[in-house]
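Visitor: To start, I am sharing the structure in question, which I have written as structure tokens.
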Amino acid sequence: MNATPANISKGLWLGLLGIVIFAVTLPMTRLAVGTPEAPQMSGMFIALGRAVVAAALSALFLLATRAPLPQRRDWLPLAITAGGVVFGFPLFTSIAMRYVEAMHASVIVGVLPLATAAVGALLHRQRPSAGFWLCAALGSALVVVFAVLRSGGAAGLSIHFADGLLLAGMLCAAVGYGYGARLSQHMQAEHVICWALLISLPLTLPLALASWPETTIRTSAWAGFAYLGVFSMWLGFFAWYRGLALGGTVRVSQVQLVQPFLSMLFAVPLLGERLDAVTVGFGLAVIATVFIGKKMPVHPKTANDNPLLQPGKT
């Protein structure tokens, strides 16, 4: 798709819609998984069960829209997409969320825009300008500074195994976003996530059934699980992949910088966590870097950027 100003603008708005939907994921996961003192569903069941719910919806959607089968060349990218967003990200984050609060986990999400931009630049042969990377780095730095202030000092940022799981989840998400966006260049964005979920079903269904909760689960936990299955695992990707395809993965990925702060906002009514003026101030500053960054040039790579692509080179 051509990166026209109209497409970039539409892509940014669709990307923002997807991020708003995804921003509720961590608080809802916390509701579903519970705490060490009051555990609810297992991380395994949440991650794979929500994929089964979304796969069922995907099958109905693909039948209703008479979607064509993916081309042979698309099956491997679909499998990589599924590995990132159907298995990796949901599994790592669902396990981690029992041990950290949504506010803490939201800060870790701050590394996702840079990871997605890096993956997108490699996959789509784009060459972001120095100004673009400066804005991306500034936004990420703001997230880190906020984390230090929020935790009360560097000691509050000590590495916990749950932090490692969250970072692994962010890497998986970046890869899944990048490959899904590339597929969305020639497939309908809605079909990309649907096929990724369907090809995962032979694994997700038996594993979800094997990890079905054996104890009584709170209604709020089931509500969180339902949101994860319908919105986080399915509808959110409709807007997100379409936005990445229209506006470019490198550029639109920076909208993710607002996700940590949106997650914190949603954590207030859902989990009873507190929101203060510092959070609002940093949120506004990060949003500003997104809008400045979107004005910075992102160039396609040419043959001169890669000697292997130059005529006569092998």
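By order of appearance in the structure tokens: chains A, B, ..., then residues from 1 within every chain, and ligands from 1 in the order shown.
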With a cut-off of 7 Å, could you pull out the residues of region 189-306 of chain A touching region 48-51 of chain A and give me the nearest pair of atoms for each, distance in Å to one decimal, using only C-alpha atoms, ordered by chain and ascending number, as a tab-separated table?

Guide:
```
residue	atom	partner	partner_atom	distance
A:Leu197	CA	A:Ala51	CA	6.5
A:Thr204	CA	A:Leu48	CA	5.1
A:Leu207	CA	A:Leu48	CA	6.9
A:Ala208	CA	A:Gly49	CA	5.0
A:Phe225	CA	A:Arg50	CA	6.8
A:Leu228	CA	A:Arg50	CA	6.1
A:Gly229	CA	A:Arg50	CA	4.1
A:Met233	CA	A:Ala51	CA	6.5
```

Visitor: Store the residues picked out above, limited to C-alpha atoms, as a short mmCIF file (atom, residue, chain, number, x, y, z; two decimals), in the first residue's frame.

Guide:
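Final output, saved to selection.cif:
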```
data_model
loop_
_atom_site.label_atom_id
_atom_site.label_comp_id
_atom_site.auth_asym_id
_atom_site.auth_seq_id
_atom_site.Cartn_x
_atom_site.Cartn_y
_atom_site.Cartn_z
CA LEU A 197 -5.58 -18.37 15.04
CA THR A 204 -4.36 -24.37 21.48
CA LEU A 207 -3.78 -27.52 25.72
CA ALA A 208 -6.61 -25.23 26.79
CA PHE A 225 -11.08 -13.84 30.09
CA LEU A 228 -9.13 -11.20 26.19
CA GLY A 229 -10.70 -13.71 23.81
CA MET A 233 -6.98 -11.70 20.73
#
```

Visitor: With only C-alpha atoms as the counted atoms, please give the residues lying no more than 6 Å from Phe132 (chain A), apart from itself and same-chain residues fewer than 2 positions off, as a PyMOL selection string.

Guide: chain A and resi 129-130+134-135+293+296

Visitor: Which is closest to Thr29 (chain A) among A:Ser253, A:Ser140, A:Thr81, A:Ser94, if we use only C-alpha atoms?

Guide: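 Counting only C-alpha atoms, the residue closest to Thr29 (chain A) is A:Ser94.
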
Visitor: Measuring between only C-alpha atoms, which one of A:Ala141, A:Leu235, A:Val119, A:Val85 shows the shortest distance to Cys172 (chain A)?

Guide: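 Among A:Ala141, A:Leu235, A:Val119, A:Val85, it is A:Val85 that comes nearest to Cys172 (chain A).
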
Visitor: If we count only C-alpha atoms, what is near Phe146 (chain A) at a cut-off of 9 Å, once residues fewer than 5 positions away on the same chain are taken out, given as a ChimeraX atom specification?

Guide: /A:107,141,151,278-279,282
